[in-house]
Amino acid sequence: MSRVIMYREALNEAIAEEMRRDRTVFLAGEGVAERGGSFRTSVGLLDEFGPERVVDTPISEASFTGLGVGAAIVGCRPIIEILFVDFATLIMDQLVNQAAKYDFMSGGRGRVPMVVRTQGGSGNGLAAQHSQSLEAWFYHVPGLKVVMPATPYDAKGLLKSAIRDDDPVVFIEHKLLYMSKGEAPEEEYTVPLGRADVKREGNDVTLISYSRHTLLCLEAARKLSEEGIDVEVVDLRTLSPLDKETILASARKTGRVVVVHEACKQGGVGGDIAAMIMEEAFDYLDAPVVRVAGLDTPIPFNVTLENACTPDIKKICSAARLLLYRNEVM
Amino acid sequence: MSRVIMYREALNEAIAEEMRRDRTVFLAGEGVAERGGSFRTSVGLLDEFGPERVVDTPISEASFTGLGVGAAIVGCRPIIEILFVDFATLIMDQLVNQAAKYDFMSGGRGRVPMVVRTQGGSGNGLAAQHSQSLEAWFYHVPGLKVVMPATPYDAKGLLKSAIRDDDPVVFIEHKLLYMSKGEAPEEEYTVPLGRADVKREGNDVTLISYSRHTLLCLEAARKLSEEGIDVEVVDLRTLSPLDKETILASARKTGRVVVVHEACKQGGVGGDIAAMIMEEAFDYLDAPVVRVAGLDTPIPFNVTLENACTPDIKKICSAARLLLYRNEVM
Amino acid sequence: MLQVNVNQEIVLSPEKAIEMYRRMMTIRRFEQRSIELYREGSIRGYFHPYLGEEAIAVGVCEALRNDDAIVSTHRGHGHCIAKGMDLGRMMAELLGREGGYCRGRGGSMHIADVSGGVLGANGIVGGGIPIAIGVAKGFRLFGTDRIAVCFFSDGASNNGVFAESINMAAIWNLPVLFVLENNHYAVSTRIDETSMSAALADRATAYGIQAETINGNEVDLVYETATRGAGLCRKGGGPFLMECKTYRHGGHHVNDPGSYMPKDEMDFWRGKNDPIDRWRSRLISSGLAEGEDLNRIDGEVESLLDEAVEFAKRSPEPSVEEFLAELEASRCHE
Amino acid sequence: MLQVNVNQEIVLSPEKAIEMYRRMMTIRRFEQRSIELYREGSIRGYFHPYLGEEAIAVGVCEALRNDDAIVSTHRGHGHCIAKGMDLGRMMAELLGREGGYCRGRGGSMHIADVSGGVLGANGIVGGGIPIAIGVAKGFRLFGTDRIAVCFFSDGASNNGVFAESINMAAIWNLPVLFVLENNHYAVSTRIDETSMSAALADRATAYGIQAETINGNEVDLVYETATRGAGLCRKGGGPFLMECKTYRHGGHHVNDPGSYMPKDEMDFWRGKNDPIDRWRSRLISSGLAEGEDLNRIDGEVESLLDEAVEFAKRSPEPSVEEFLAELEASRCHE
Ligand SMILES: Cc1ncc(C[n+]2csc(CCOP(=O)(O)OP(=O)(O)O)c2C)c(N)n1
Ligand SMILES: Cc1ncc(C[n+]2csc(CCOP(=O)(O)OP(=O)(O)O)c2C)c(N)n1
Ligand SMILES: [Mg+2]
Ligand SMILES: [Mg+2]
């Protein structure tokens with residue numbers, strides 16, 4: 001039985017279900033317990049699971065992430081909530097030097113099955129220190145998995161998989177998606193990590209994205225279809241490990257690819273994906289793989305400026321059109 | 001008058017000269033004063049400039065970086081030394097949320113003329129937490145400049161420019177280069193930030209690199225020239241701002257580009273550069289731009305495994321040959 | 001002559017006493033009027049009111065010299081006003097306008113007046129603490145006797161940078177006046193849930209810093225303590241930490257009803273211990289002012305705020321073209 | 001019956017007393033022999049000897065249960081041996097061999113025996129402290145009375161994670177025994193240059209943790225204190241911090257001559273206050289052992305080390321092919 005739920009409800013259900021299923025799962029973060037989470041993703045959990053498993057922390061991000069690492073090493077499955085991905089700046093040692101490398105450094109004899117749940121993106125007037133998209137950092141770190149769901153269905157299924165996964169997973173939600181709605185079955189399900197989802201099939205051009213911009217790509221695809229352009233939309237869902245097969249299959253099919261994300265263009269994952277496609281499918285490309293990405297700037301407070309920083313549907317459509325036009329005149 | 005000096009001497013001279021020139025310059029870090037720096041880059045400075053300007057810090061990386069930010073805001077030019085780039089994990093808030101964004105957030109009314117000097121790379125058996133190459137993180141942050149010199153000449157000239165620059169600069173040295181030697185004039189000189197250096201001209205294929213791997217590319221070029229392959233080597237020197245003009249000019253000339261770096265391939269700057277070339281010079285490319293980069297793994301302790309992680313001359317040569325071969329059969 | 005109630009050597013002139021009232025009232029009304037603008041949709045993003053804590057910013061900043069500098073927090077409007085920032089340009093910043101202190105780029109959480117010695121609010125809890133010690137370091141390096149003031153609240157004292165920074169301030173004897181605004185809450189989390197001891201000042205003492213705890217809602221006491229602390233710092237005897245007990249007059253931000261805050265606690269702090277009411281009565285009872293004088297000041301404050309809102313609303317929106325051009329320019333190498 | 005010298009309730013059995021001697025000597029000789037291997041080029045990278053600090057690891061670990069866990073530092077070999085790790089597999093790890101605890105991937109700074117409760121050395125100063133509180137959290141969540149031990153040194157106590165972590169351990173009453181090995185130096189920087197107070201334990205007290213400072217070179221005293229501390233933690237009365245004053249018998253790492261360490265200080269700690277000599281005399285004077293018995297033990301230790309070196313040297317180098325294959329496998333989605 002499917003029903004429509006909000007993204008934040010999907011996350012809440014995923015946590016609650018996994019906590020019921022496995023008593024080693026616990027949640028720690030600022031305001032996750034009594035307040036039910038700043039984005040209401042942990043409402044009700046304190047009542048059901050008690051304060052040992054739903055823990056309000058001091059503002060000590062570095063160390064309560066380390067708390068997660070230690071608990072994971074001895075067999076727990078902690079979910080550590082970092083309120084904004086911008087504050088991940090404070091936990092990089094524990095995440096990158098400790099969690100991500102523990103398995104490797106111990107010769108495969110230790111594991112860190114921890115999830116760091118956090119939230120990013122712009123669009124709410126929260127300015128430069130509360131609006132970043134920093135997934136490229138985690139993507140560059142061997143030993144970390146990186147998940148960025150776009151829909152309630154994926155959010156729930158992926159979070160459940162992330163909690164069950166034996167590696168540290170950085171799970172990044174988007175602040176503008178919490179109230180978005182979508183279908184999700186009542187029944188238990190999971191979505192595997194590491195698999196992209198072709199959210200729309202098409203033959204002319206591929207749009208590759210993740211998180212909120214998947215939804216913009218789908219809208220762009222609808223718009224372009226009115227112009228007779230047949231767009232395929234690949235939602236990566238998991239950035240690392242990257243589902244190269246799905247990406248390459250689509251690139252080979254359409255020969256024209258736009259990679260879309262909100263994060264700054266310079267050093268964003270878009271470049272990496274574009275380069276990978278070029279390396280693996282150069283002869284199939286009818287046009288360069290192009291990136292539609294965030295401007296290389298801190299996010300401004302003012303709404304008009306803020307909106308100018310992030311790719312919108314118009315920019316996505318223009319890029320797709322340009323690739324096709326370019327091909328026509330060549 | 002030119003003479004031969006070591007990379008670490010070049011750095012030492014740059015700091016000393018700038019400290020003489022400008023009394024707002026100071027150096028702070030672990031063991032920089034009494035010990036003269038773990039890599040002997042600050043030998044003699046304490047004696048000449050005293051403890052207010054050459055400061056041994058506690059192991060409080062986050063906060064002594066913040067000390068640099070605050071001092072810079074009120075007009076100093078602090079040089080903050082982070083012993084290993086691996087410990088930059090501890091300073092990301094001060095570097096990324098504070099230093100990098102201050103100019104922007106204040107509407108251009110505040111500046112942070114700070115240099116964070118640090119050191120990275122593998123090759124000394126220092127294992128997973130002392131061997132990383134994390135420049136891609138800084139490269140992704142608007143507001144930061146990123147410098148990675150390969151030679152004593154560039155090291156000195158770029159560090160002097162970095163100190164004089166009004167933006168925060170992350171200056172990353174390579175642990176295997178400190179004892180390397182090269183020519184540098186006795187006279188005062190600087191090397192401007194943001195300009196790549198064509199360290200060898202050639203027509204068949206371009207190798208783009210930075211830091212230690214520039215030297216490997218030059219060796220590879222010599223080797224390939226014996227096979228009749230005419231290689232151009234572009235040393236980026238500054239990663240951000242990226243000198244796109246020089247890169248693109250070379251790419252358009254040779255039509256074949258290999259980007260080489262030690263950092264992990266996934267999410268490394270190589271992908272970004274490759275994508276940029278594709279976007280801007282697709283029609284000039286006779287082959288895909290390929291990356292020769294570090295394996296996507298934490299660095300192992302064992303020497304054989306460690307060496308297997310980093311691109312060597314052989315891998316660079318093979319990539320170049322492949323691009324040419326590929327073209328011939330096409 | 002009104003004298004402050006602790007130290008007989010520090011005298012509070014009548015002018016200063018009245019000025020402190022005016023400043024506190026300005027902060028109070030600035031926040032209340034901005035909240036109205038927030039509710040009507042003219043201000044967006046996070047807005048953390050300084051309501052109820054006015055005596056701290058004012059008492060501290062009145063004890064400073066003009067060329068001293070302060071480092072502020074996400075709850076920073078009060079600090080800005082106390083340090084003398086212009087209300088119109090502040091309001092314009094909250095509205096995201098080009099005429100704002102940060103040209104609309106910063107907003108409430110990043111408002112700054114660098115040349116005026118307000119070195120920035122901060123969106124990162126604790127983020128300003130290390131910056132403050134750097135400011136002090138810079139002031140000393142320049143051979144001045146300027147000091148740095150570091151505002152932060154109880155929640156921030158749980159962050160590692162607090163311990164690291166007070167330790168460095170202590171070992172290097174840096175001229176930093178640490179002002180811990182203990183309002184008992186970090187969002188909805190009470191400080192007694194995240195600290196074993198109610199006396200956060202003890203944390204500073206352990207690192208070798210002189211520290212005192214006072215009622216932060218008594219502006220004269222704040223002023224007196226800050227005067228001593230600042231004097232110490234200025235003479236090379238610092239750093240100094242003052243923990244000021246206080247309370248938010250509402251939730252964490254404008255959209256937080258603060259329903260987790262016990263009613264009796266709130267009543268106490270909004271009632272008997274309200275910093276402005278206290279000071280008003282004190283001024284009157286000590287004969288320094290009549291109720292009418294103070295009412296007149298209230299009126300003047302209101303007019304200034306009318307002007308500020310007017311200025312802000314008239315200030316143009318930043319231009320996207322200019323923004324993009326500046327971005328382009330900043331990416332160019334020199 | 002030999003009794004420890006502080007608390008009359010904790011009795012140290014003769015067997016344990018002798019065993020502590022053996023362990024300390026094993027650490028001493030392990031380090032010395034590894035340093036030889038380092039000097040001959042068989043060991044590479046950073047090597048931070050535990051020489052001079054043996055009494056701390058041994059005194060603490062003897063007070064633990066087998067199922068307790070420890071979190072170690074960059075100077076970790078002593079902790080590993082005291083917790084019972086196999087010398088051969090340790091040595092093989094230092095040589096980067098496949099038969100090492102971490103299959104040659106980790107080396108000295110990352111040596112670990114997860115199933116044996118040694119949850120890792122650490123290349124990041126302070127990096128293990130938050131991990132330790134997580135281990136304790138996990139133990140409690142599982143409903144066990146196992147405890148976590150957190151080793152770290154003076155330099156680490158200047159890092160923010162120390163303050164954050166002891167605060168969380170305190171407020172959640174986590175079963176963590178913090179063992180501060182105050183060897184007075186962080187590389188070449190003396191702790192009195194980076195801390196106002198010689199008593200680092202006070203920092204813990206300020207956060208509400210019970211703490212004591214002892215001479216860390218008296219193994220019985222360490223044992224007694226750790227026994228009390230561990231007992232407290234185990235009964236839900238923890239956390240507990242013990243600051244053990246000690247000294248490195250040389251530079252920071254093998255290649256550091258330590259010329260900045262004053263000769264008289266070094267002489268004192270290497271001479272009169274050497275933990276092994278002290279304990280040796282104590283055992284003999286109290287009649288628990290004859291010199292000969294101890295010499296025999298020394299001989300046994302030596303043989304074990306011969307075997308360990310032998311084992312390590314015979315252990316194969318890791319295979320690059322396997323390494324690459326594992327890497328490939330780890331990048332695959334499930
Ligand atoms: C490092 C960091 N963690 C979390 C937050 C989210 N946050 C914003 S304000 C706040 C509470 C701060 O409490 P406190 O320091 O007591 O300041 P107050 O709000 O009481 O003035 C939190 C948790 C943040 N901005 N930065
Ligand atoms: C975060 C961090 N900063 C700096 C270093 C470099 N470093 C390695 S050991 C050391 C000194 C550590 O001193 P202490 O904590 O007292 O430990 P000890 O060496 O005395 O055992 C330093 C600075 C590091 N490894 N990690
Ligand atoms: Mg507070
Ligand atoms: Mg030490």
# chains A, B, ... in the order shown; residues from 1 in each chain; ligands from 1
>>> residues_around(residues="Pro239 (chain C)", least_positions_apart="4", cutoff="7 Å", atoms="only C-alpha atoms", output="short mmCIF file (atom, residue, chain, number, x, y, z; two decimals) with N, CA, C and O atoms, in the first residue's frame")
data_model
loop_
_atom_site.label_atom_id
_atom_site.label_comp_id
_atom_site.auth_asym_id
_atom_site.auth_seq_id
_atom_site.Cartn_x
_atom_site.Cartn_y
_atom_site.Cartn_z
N ALA C 169 44.81 32.53 25.13
CA ALA C 169 44.74 33.88 25.67
C ALA C 169 45.48 33.93 27.00
O ALA C 169 46.20 34.90 27.29
N ALA C 170 45.33 32.88 27.78
CA ALA C 170 45.97 32.86 29.10
C ALA C 170 47.49 32.78 28.98
O ALA C 170 48.22 33.58 29.56
N ASN C 173 48.83 35.84 27.55
CA ASN C 173 48.42 37.03 28.27
C ASN C 173 47.79 38.07 27.33
O ASN C 173 48.12 39.25 27.37
N LEU C 174 46.91 37.62 26.50
CA LEU C 174 46.35 38.50 25.47
C LEU C 174 45.25 39.39 26.03
O LEU C 174 44.48 38.97 26.91
N PRO C 175 45.17 40.60 25.53
CA PRO C 175 44.14 41.54 26.01
C PRO C 175 42.75 41.22 25.47
O PRO C 175 42.27 41.90 24.55
N VAL C 176 42.14 40.19 26.01
CA VAL C 176 40.79 39.80 25.57
C VAL C 176 39.85 39.82 26.77
O VAL C 176 40.12 39.18 27.79
N LEU C 177 38.78 40.51 26.62
CA LEU C 177 37.72 40.46 27.62
C LEU C 177 36.67 39.48 27.10
O LEU C 177 35.99 39.74 26.10
N ILE C 209 42.63 31.76 33.78
CA ILE C 209 42.09 33.09 33.48
C ILE C 209 41.29 33.59 34.67
O ILE C 209 40.54 32.85 35.27
N CYS C 233 43.01 44.13 31.03
CA CYS C 233 43.51 43.74 29.70
C CYS C 233 44.41 44.84 29.14
O CYS C 233 45.49 44.57 28.61
#
>>> residues_around(residues="Asp93 (chain B)", least_positions_apart="4", cutoff="7 Å", atoms="only C-alpha atoms", output="PyMOL selection string")
(chain A and resi 89-90) or (chain B and resi 97-98)
>>> closest_atom_pairs(of="chain C", to="chain A", cutoff="10 Å", atoms="only C-alpha atoms", output="tab-separated table")
residue	atom	partner	partner_atom	distance
C:Ile43	CA	A:Gly125	CA	9.2
C:Arg44	CA	A:Gly125	CA	5.9
C:Gly45	CA	A:Gly125	CA	4.4
C:Tyr46	CA	A:Leu126	CA	6.2
C:Phe47	CA	A:Leu126	CA	9.6
C:Glu93	CA	A:Asn302	CA	9.0
C:Leu94	CA	A:Phe301	CA	9.0
C:Leu95	CA	A:Asn302	CA	7.8
C:Gly96	CA	A:Asn302	CA	4.7
C:Arg97	CA	A:Asn302	CA	7.3
C:Glu98	CA	A:Asn302	CA	9.2
C:Cys102	CA	A:Phe301	CA	9.6
C:Arg103	CA	A:Asn302	CA	8.9
C:Gly104	CA	A:Asn302	CA	5.5
C:Arg105	CA	A:Pro300	CA	4.5
C:Gly106	CA	A:Phe301	CA	5.4
C:Gly107	CA	A:Phe301	CA	5.5
C:Ser108	CA	A:Phe301	CA	8.7
C:Met109	CA	A:Ala127	CA	7.8
C:His110	CA	A:Ala127	CA	8.1
C:Asn122	CA	A:Gln129	CA	8.4
C:Gly123	CA	A:Gln129	CA	5.9
C:Ile124	CA	A:Gln129	CA	7.2
C:Val125	CA	A:Ile59	CA	7.7
C:Gly126	CA	A:Ile59	CA	8.9
C:Asp154	CA	A:Ile59	CA	9.7
C:Gly155	CA	A:Ile59	CA	6.1
C:Ala156	CA	A:Ile59	CA	6.6
C:Ser157	CA	A:Ile59	CA	8.4
C:Asn158	CA	A:Ile59	CA	5.8
C:Asn159	CA	A:Ser60	CA	4.8
C:Gly160	CA	A:Ser60	CA	6.8
C:Val161	CA	A:Ser60	CA	9.5
C:Ala186	CA	A:Ile59	CA	8.2
C:Val187	CA	A:Gly31	CA	7.7
C:Ser188	CA	A:Gly31	CA	6.8
C:Thr189	CA	A:Gly31	CA	6.8
C:Arg190	CA	A:Pro58	CA	9.6
C:Ile191	CA	A:Pro58	CA	8.5
C:Glu193	CA	A:Pro58	CA	8.3
C:Thr194	CA	A:Pro58	CA	5.4
C:Ser195	CA	A:Pro58	CA	8.4
C:Tyr260	CA	A:Arg35	CA	8.6
C:Glu317	CA	A:Asn302	CA	8.2
C:Pro318	CA	A:Leu305	CA	7.5
C:Ser319	CA	A:Leu305	CA	7.8
C:Val320	CA	A:Leu305	CA	5.9
C:Glu321	CA	A:Leu305	CA	9.5
C:Phe323	CA	A:Leu305	CA	7.4
C:Leu324	CA	A:Ala308	CA	8.9
C:Leu327	CA	A:Thr297	CA	7.1
C:Glu328	CA	A:Asp296	CA	9.4
C:Ser330	CA	A:Thr297	CA	9.6
C:Arg331	CA	A:Asp296	CA	8.7
>>> atom_distance(atom1="CA of Phe240 (chain C)", atom2="CA of Phe178 (chain C)")
6.1 Å
>>> interface_residues(of="chain D", to="chain C", cutoff="6 Å", atoms="only C-alpha atoms", output="list of chain:residue names")
D:Gly160, D:Val161, D:Glu164, D:Ile171, D:Met196, D:Asp202, D:Arg203, D:Ala206, D:Gly208
